[in-house]
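Asks: Pasting upload-v6.txt here (compact mmCIF, C-alpha atoms):
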```txt
# COMPACT_ATOMS: atom_id res chain seq x y z
CA MET A 109 0.00 0.00 0.00
CA ASP A 110 1.30 3.50 -0.90
CA THR A 111 2.24 5.87 1.90
CA ILE A 112 -0.66 8.06 2.97
CA THR A 113 0.00 11.81 2.93
CA ILE A 114 -1.75 14.90 4.24
CA LYS A 115 -2.80 15.65 0.66
CA ASP A 116 -4.60 12.28 0.45
CA ILE A 117 -6.53 13.01 3.68
CA ALA A 118 -7.40 16.53 2.49
CA ARG A 119 -8.65 15.24 -0.86
CA ALA A 120 -10.77 12.52 0.74
CA LEU A 121 -12.40 14.91 3.21
CA ASN A 122 -12.61 17.81 0.75
CA ILE A 123 -10.70 20.22 2.97
CA SER A 124 -7.38 22.03 2.64
CA THR A 125 -4.03 20.45 3.48
CA SER A 126 -3.37 23.25 5.98
CA THR A 127 -6.61 22.36 7.81
CA VAL A 128 -5.55 18.71 7.97
CA SER A 129 -2.10 19.68 9.23
CA ARG A 130 -3.50 21.91 11.97
CA ALA A 131 -6.09 19.31 12.99
CA LEU A 132 -3.41 16.64 13.36
CA ARG A 133 -1.42 19.04 15.56
CA ASP A 134 -4.52 19.61 17.71
CA SER A 135 -4.55 23.32 16.83
CA TYR A 136 -7.05 25.50 18.67
CA GLU A 137 -7.82 27.12 15.29
CA ILE A 138 -9.68 24.02 14.04
CA ASN A 139 -13.16 23.18 15.32
CA PRO A 140 -13.57 19.93 17.28
CA GLU A 141 -15.76 18.18 14.71
CA THR A 142 -13.23 18.74 11.92
CA LYS A 143 -10.46 17.51 14.21
CA ARG A 144 -12.45 14.38 14.96
CA LEU A 145 -13.05 13.62 11.27
CA VAL A 146 -9.41 14.17 10.36
CA ILE A 147 -8.00 12.13 13.24
CA GLU A 148 -10.42 9.24 12.71
CA TYR A 149 -9.65 9.11 8.99
CA ALA A 150 -5.90 9.31 9.61
CA GLU A 151 -6.05 6.50 12.18
CA ARG A 152 -8.17 4.35 9.87
CA LEU A 153 -5.56 4.65 7.14
CA ASN A 154 -2.66 4.27 9.62
CA TYR A 155 -1.26 7.68 8.70
CA HIS A 156 2.00 8.74 10.37
CA PRO A 157 3.46 12.25 9.99
CA ASN A 158 6.82 12.61 8.29
CA SER A 159 8.75 14.02 11.24
CA ILE A 160 11.83 14.87 9.14
CA ALA A 161 9.81 16.91 6.66
CA LEU A 162 7.94 18.64 9.49
CA SER A 163 11.13 19.57 11.32
CA LEU A 164 12.65 21.06 8.15
CA LYS A 165 9.48 23.02 7.38
CA GLU A 166 8.96 24.33 10.91
CA ASN A 167 12.62 24.73 11.90
CA ARG A 168 11.95 22.43 14.86
CA SER A 169 13.29 18.99 15.69
CA ARG A 170 9.89 17.75 16.95
CA VAL A 171 11.85 16.02 19.71
CA ILE A 172 11.11 16.33 23.44
CA GLY A 173 13.74 15.55 26.05
CA VAL A 174 12.54 13.79 29.21
CA ILE A 175 14.83 13.62 32.24
CA VAL A 176 13.80 11.45 35.21
CA PRO A 177 15.69 10.24 38.31
CA GLN A 178 15.20 6.53 37.47
CA ILE A 179 13.42 4.86 34.58
CA ALA A 180 13.08 1.64 36.61
CA ASN A 181 10.94 3.49 39.17
CA ASN A 182 7.34 2.36 38.57
CA PHE A 183 5.97 5.92 38.86
CA PHE A 184 8.34 7.30 36.25
CA SER A 185 7.82 4.42 33.82
CA GLN A 186 4.06 5.07 33.94
CA ALA A 187 4.58 8.82 33.55
CA ILE A 188 6.78 8.19 30.50
CA ASP A 189 3.99 6.06 29.00
CA GLY A 190 1.65 9.04 29.41
CA ILE A 191 4.19 11.43 27.90
CA GLU A 192 4.79 9.23 24.86
CA ALA A 193 1.07 8.63 24.28
CA ILE A 194 0.39 12.36 23.85
CA ALA A 195 3.67 13.23 22.15
CA TYR A 196 3.19 10.55 19.49
CA LYS A 197 -0.31 11.78 18.66
CA ARG A 198 0.99 15.33 18.33
CA GLY A 199 3.83 14.33 16.01
CA TYR A 200 6.72 14.49 18.50
CA HIS A 201 9.39 11.96 19.36
CA VAL A 202 10.65 11.48 22.93
CA ILE A 203 14.22 10.92 24.05
CA ILE A 204 14.56 9.73 27.63
CA PHE A 205 17.46 10.28 30.02
CA GLN A 206 17.91 9.31 33.67
CA SER A 207 19.86 11.36 36.16
CA GLN A 208 20.30 8.49 38.65
CA GLU A 209 19.48 11.05 41.38
CA SER A 210 22.67 13.00 40.60
CA TYR A 211 22.72 16.77 40.03
CA GLU A 212 25.87 16.51 37.93
CA ARG A 213 24.36 13.79 35.76
CA GLU A 214 21.11 15.76 35.46
CA VAL A 215 23.03 18.77 34.12
CA LEU A 216 24.91 16.53 31.69
CA THR A 217 21.76 14.85 30.38
CA VAL A 218 20.07 18.23 29.91
CA GLN A 219 23.10 19.35 27.92
CA GLN A 220 22.82 16.20 25.79
CA ALA A 221 19.13 16.87 25.13
CA VAL A 222 19.92 20.46 24.12
CA ALA A 223 22.76 19.26 21.88
CA ARG A 224 20.25 17.01 20.12
CA LYS A 225 18.17 20.15 19.50
CA ALA A 226 15.21 19.07 21.62
CA ASP A 227 12.35 21.54 21.23
CA GLY A 228 11.67 21.43 24.97
CA LEU A 229 12.38 19.56 28.20
CA LEU A 230 10.27 17.68 30.74
CA ILE A 231 12.19 17.24 33.99
CA SER A 232 11.62 15.57 37.34
CA LEU A 233 14.43 16.85 39.51
CA ALA A 234 17.09 14.55 40.94
CA SER A 235 17.38 14.23 44.71
CA GLY A 236 20.84 15.80 44.41
CA THR A 237 19.52 18.95 42.73
CA LEU A 238 19.46 21.92 45.09
CA ASP A 239 20.01 24.71 42.55
CA VAL A 240 18.03 25.15 39.32
CA ALA A 241 19.99 28.19 38.07
CA TYR A 242 21.23 26.19 35.07
CA LEU A 243 17.61 25.63 34.00
CA ARG A 244 16.85 29.33 34.42
CA ASP A 245 19.74 30.07 32.06
CA LEU A 246 18.20 27.78 29.44
CA GLN A 247 14.80 29.41 29.95
CA GLU A 248 16.33 32.81 29.28
CA LYS A 249 17.54 31.38 25.97
CA LYS A 250 13.86 30.60 25.18
CA LEU A 251 14.01 26.83 25.73
CA PRO A 252 10.58 25.61 26.93
CA ILE A 253 10.80 23.65 30.22
CA VAL A 254 8.09 21.95 32.28
CA LEU A 255 8.72 20.26 35.64
CA PHE A 256 6.74 17.27 36.90
CA ASP A 257 6.46 15.30 40.17
CA ARG A 258 9.61 16.72 41.81
CA VAL A 259 9.46 20.43 41.17
CA SER A 260 11.06 23.70 42.32
CA LYS A 261 9.54 27.01 43.38
CA ASP A 262 12.70 28.69 42.11
CA LEU A 263 11.83 28.14 38.45
CA ASP A 264 8.99 30.14 36.89
CA THR A 265 7.55 27.50 34.62
CA PRO A 266 4.54 25.16 34.55
CA SER A 267 4.79 22.28 37.02
CA VAL A 268 2.60 19.17 37.22
CA THR A 269 2.33 17.00 40.33
CA ALA A 270 -0.02 14.77 42.25
CA ASP A 271 -1.82 16.46 45.12
CA ASN A 272 0.73 15.18 47.59
CA PHE A 273 -0.67 17.15 50.52
CA ALA A 274 -4.19 15.76 50.08
CA GLY A 275 -2.90 12.22 49.55
CA ALA A 276 -0.80 12.30 52.72
CA PHE A 277 -3.67 13.87 54.66
CA ALA A 278 -6.05 11.12 53.51
CA ALA A 279 -3.57 8.36 54.43
CA THR A 280 -2.94 9.78 57.91
CA GLU A 281 -6.63 10.47 58.49
CA HIS A 282 -7.47 6.87 57.57
CA LEU A 283 -4.97 5.59 60.14
CA ILE A 284 -6.38 7.92 62.80
CA GLN A 285 -9.95 6.88 62.04
CA THR A 286 -8.98 3.23 62.54
CA GLY A 287 -7.79 4.08 66.04
CA ARG A 288 -4.09 4.72 65.50
CA ARG A 289 -2.53 7.49 67.54
CA ARG A 290 1.25 7.10 67.26
CA ILE A 291 1.79 7.24 63.53
CA ALA A 292 5.39 7.08 62.38
CA HIS A 293 6.29 8.82 59.12
CA LEU A 294 9.11 7.42 57.01
CA THR A 295 10.08 9.69 54.14
CA ILE A 296 12.91 10.66 51.78
CA LEU A 297 15.32 13.59 51.72
CA PRO A 298 13.84 16.72 53.33
CA HIS A 299 14.62 19.24 50.57
CA ILE A 300 12.64 17.39 47.87
CA SER A 301 9.27 18.98 47.03
CA ILE A 302 7.24 15.78 47.40
CA THR A 303 8.80 15.15 50.84
CA GLN A 304 7.75 18.59 52.05
CA GLU A 305 4.21 18.30 50.65
CA ARG A 306 3.56 14.82 52.07
CA LEU A 307 5.01 15.76 55.46
CA ALA A 308 2.74 18.83 55.51
CA GLY A 309 -0.33 16.65 54.77
CA TYR A 310 0.65 14.22 57.54
CA ARG A 311 1.07 17.07 60.04
CA ALA A 312 -2.20 18.73 59.03
CA ALA A 313 -4.16 15.52 59.62
CA LEU A 314 -2.61 15.06 63.06
CA GLU A 315 -3.47 18.65 63.95
CA GLN A 316 -7.06 18.36 62.72
CA TYR A 317 -7.62 15.35 64.98
CA GLY A 318 -5.93 16.92 68.00
CA LEU A 319 -2.79 14.76 67.89
CA ARG A 320 0.59 16.29 68.65
CA TYR A 321 3.24 16.25 65.93
CA ASP A 322 6.23 14.37 67.32
CA GLU A 323 9.56 14.74 65.51
CA ASN A 324 10.71 11.51 67.16
CA LEU A 325 8.23 9.65 64.93
CA VAL A 326 9.66 11.03 61.67
CA ARG A 327 12.70 9.64 59.87
CA TYR A 328 14.34 10.64 56.59
CA ALA A 329 15.80 7.88 54.45
CA GLY A 330 18.30 8.20 51.66
CA LEU A 331 17.97 6.20 48.47
CA GLY A 332 20.25 3.31 49.42
CA GLN A 333 18.94 -0.23 49.39
CA TYR A 334 19.73 -1.00 53.04
CA GLU A 335 18.75 2.25 54.75
CA VAL A 336 15.17 1.40 55.71
CA GLU A 337 15.72 -1.46 58.18
CA PRO A 338 17.78 0.48 60.77
CA LEU A 339 15.30 3.36 60.56
CA VAL A 340 12.42 0.96 61.28
CA ASP A 341 14.34 -0.37 64.30
CA ASP A 342 14.87 3.20 65.46
CA LEU A 343 11.18 4.06 65.07
CA LEU A 344 10.01 0.89 66.82
CA GLU A 345 11.72 2.18 69.96
CA GLN A 346 9.13 5.00 69.90
CA SER A 347 6.28 2.44 70.16
CA PRO A 348 4.36 3.45 67.01
CA ASP A 349 1.05 1.79 66.16
CA ALA A 350 1.23 2.71 62.46
CA PHE A 351 3.71 3.57 59.72
CA PHE A 352 2.91 6.00 56.92
CA SER A 353 5.66 5.81 54.32
CA ALA A 354 6.01 8.58 51.77
CA SER A 355 6.77 6.11 48.98
CA ASP A 356 5.94 2.49 48.26
CA ARG A 357 9.65 1.70 47.97
CA LEU A 358 10.05 2.73 51.60
CA ALA A 359 6.81 1.01 52.58
CA ILE A 360 7.93 -2.33 51.12
CA GLY A 361 11.23 -2.03 52.98
CA CYS A 362 9.25 -1.24 56.11
CA LEU A 363 6.97 -4.24 55.52
CA ALA A 364 9.95 -6.56 55.19
CA ALA A 365 11.60 -5.19 58.33
CA LEU A 366 8.41 -5.50 60.40
CA LYS A 367 7.80 -9.08 59.26
CA LYS A 368 11.40 -9.98 60.00
CA ARG A 369 10.82 -8.79 63.56
CA ASN A 370 7.51 -10.68 63.82
CA VAL A 371 5.48 -7.49 64.17
CA ALA A 372 1.88 -8.36 63.22
CA ILE A 373 0.44 -6.22 60.40
CA PRO A 374 -2.09 -4.68 60.91
CA GLU A 375 -2.95 -6.14 64.33
CA THR A 376 0.01 -4.49 66.09
CA VAL A 377 1.13 -1.93 63.53
CA SER A 378 -0.73 -0.63 60.48
CA LEU A 379 1.15 0.24 57.29
CA ILE A 380 0.35 2.49 54.37
CA GLY A 381 2.49 3.67 51.44
CA PHE A 382 2.35 6.21 48.62
CA THR A 383 2.35 5.58 44.83
CA ASN A 384 0.34 2.34 44.39
CA ILE A 385 2.92 0.23 42.65
CA THR A 386 1.56 -2.65 40.60
CA VAL A 387 2.45 -5.33 43.18
CA ALA A 388 0.91 -3.53 46.18
CA ASP A 389 -2.17 -5.76 46.22
CA LEU A 390 -0.03 -8.91 45.83
CA LEU A 391 2.01 -8.39 49.00
CA ALA A 392 1.30 -10.23 52.26
CA PRO A 393 -0.70 -8.56 53.57
CA PRO A 394 -1.91 -6.53 50.57
CA MET A 395 -0.61 -3.01 51.15
CA SER A 396 -2.73 0.11 51.56
CA THR A 397 -1.32 3.02 49.59
CA VAL A 398 -2.09 6.36 47.99
CA GLU A 399 -2.47 6.12 44.24
CA GLN A 400 -0.69 8.78 42.19
CA PRO A 401 -2.05 9.34 38.67
CA ALA A 402 1.37 8.84 37.07
CA PHE A 403 0.11 8.27 33.51
CA GLU A 404 -2.10 11.37 33.67
CA ILE A 405 0.72 13.48 35.15
CA GLY A 406 2.84 12.56 32.12
CA GLN A 407 0.01 13.44 29.75
CA VAL A 408 -0.70 16.83 31.32
CA ALA A 409 2.99 17.71 31.58
CA VAL A 410 3.72 17.02 27.92
CA ASP A 411 0.57 18.85 26.87
CA GLN A 412 1.80 21.91 28.79
CA LEU A 413 5.22 21.62 27.15
CA ILE A 414 3.85 21.31 23.63
CA SER A 415 1.70 24.39 24.25
CA LEU A 416 4.88 26.29 25.11
CA ILE A 417 6.76 24.89 22.11
CA GLU A 418 3.99 25.74 19.67
CA GLY A 419 3.47 29.20 21.07
CA LYS A 420 -0.01 28.71 22.52
CA GLN A 421 1.49 30.10 25.70
CA LYS A 422 3.67 33.08 24.78
CA MET A 423 5.56 33.02 28.05
CA PRO A 424 5.96 30.23 30.62
CA GLN A 425 3.36 30.61 33.35
CA PRO A 426 4.53 29.58 36.84
CA ASN A 427 1.35 27.64 37.46
CA LEU A 428 1.29 24.47 39.54
CA ILE A 429 -1.16 21.86 38.32
CA LYS A 430 -2.11 19.29 40.97
CA LEU A 431 -3.89 16.09 39.96
CA PRO A 432 -6.01 14.26 42.55
CA THR A 433 -4.75 11.19 44.38
CA LYS A 434 -6.85 8.22 45.58
CA LEU A 435 -6.55 6.29 48.82
CA MET A 436 -6.42 2.53 48.21
CA VAL A 437 -7.31 0.78 51.48
CA ARG A 438 -6.14 -2.82 51.76
CA ALA A 439 -5.45 -5.34 54.51
CA SER A 440 -2.24 -3.71 55.84
CA SER A 441 -4.29 -0.95 57.48
CA GLN A 442 -7.69 -2.55 58.02
CA ILE A 443 -8.25 -3.46 61.65
CA GLY A 444 -10.91 -5.89 62.83
```
What would you get if you wrote out this structure as structure tokens?
Replies:
Amino acid sequence: MDTITIKDIARALNISTSTVSRALRDSYEINPETKRLVIEYAERLNYHPNSIALSLKENRSRVIGVIVPQIANNFFSQAIDGIEAIAYKRGYHVIIFQSQESYEREVLTVQQAVARKADGLLISLASGTLDVAYLRDLQEKKLPIVLFDRVSKDLDTPSVTADNFAGAFAATEHLIQTGRRRIAHLTILPHISITQERLAGYRAALEQYGLRYDENLVRYAGLGQYEVEPLVDDLLEQSPDAFFSASDRLAIGCLAALKKRNVAIPETVSLIGFTNITVADLLAPPMSTVEQPAFEIGQVAVDQLISLIEGKQKMPQPNLIKLPTKLMVRASSQIG
């Protein structure tokens, strides 16, 4: 079968090639019904845009750089799926880099993306990143940048996250409503945005229910494989009756440590995590957690970036978009 072109679609639908082109790029200039007809016809004929021709015509690479701390992290792999789903439909390719939680490597991967003439960048900041001045410099050179998940208030650009505060509040409130009063909080490095937001939600729930915030029940873990177990031992000395972990990675480490010490879950200690990894309901006991809409975060973030690239937003707007979380209650926190 011959390759389908924009001209073929235009001829079949009796509209101009420019209308077809704008409809396929999801332009606001084209009415929704025309967009629907064009997209349905293009999908039926398995049409794919010629990205090389488009980049030459528009003086753009039609490439988006995505920098994440770790691709193997379940949250980021789902977010990347969301990013690629939208980017592909809009005629963009995605190149993916991982910083491995290193500021120096993050800077290097951003430089690599720029060297490959990426039209814009989607970044979730590494745990080692304390200064985003290098991103501000790129912004001043008119490179579109959108942050997602781990963001910074020091960069005036769109940011897309889960509603971490509300998710942490809901998790802590659930534990309180099941009778727990000494709720330990195990989290990651204190300077990271998601750490601060989830800690704030935890504290707000305690305050609302008249429980005192106790710093002795909070521990900060690094990203090493063996850091959780000694922190659990340390917290157990404070006689907690529940653990709220700010990530499922920490929660699984906590689960393993508690079982190793023959602590009954949830009879003695309840446990709840944050992310809703795919195996959460397969653990023993199935683990309660807060579900982050990772796929949707990726979709919204790339949509924001493409709007910047294509000039729908003339200047980056420092707006923070928060997507709702969902509490998934399972056996690890259900008492009775």
Asks: Please determine, counting all atoms listed in the file, which residue among A:Ala292, A:Ile188, A:Ile112, A:Leu363 has the shortest atom-to-atom distance to Tyr321 in chain A.
Replies: A:Ala292
Asks: Show which residues sit within 9 Å of range 241-246 of chain A, as a PyMOL selection string. Count only C-alpha atoms, and ignore same-chain residues fewer than 2 positions away.
Replies: chain A and resi 215+218+239+248-253+262-264
Asks: With all atoms listed in the file as the atoms that count, which of A:Gly419, A:Gly318, A:Pro140, A:Gly361 lies nearest to Val336 in chain A?
Replies: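 Checking each candidate against Val336 in chain A, we get A:Gly361 as the closest.
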Asks: Any idea what the distance is between CA of Val268 in chain A and CA of Arg144 in chain A?
Replies: 27.3 Å
Asks: In Å, with one decimal, what is the gap from CA of Ser355 in chain A to CA of Val174 in chain A?
Replies: 22.0 Å
Asks: Can you pull out every residue within 6 Å of Tyr328 in chain A, counting all atoms listed in the file, but drop anything in the same chain fewer than 3 positions away, and send it as a VMD selection string?
Replies: chain A and resid 295 to 297
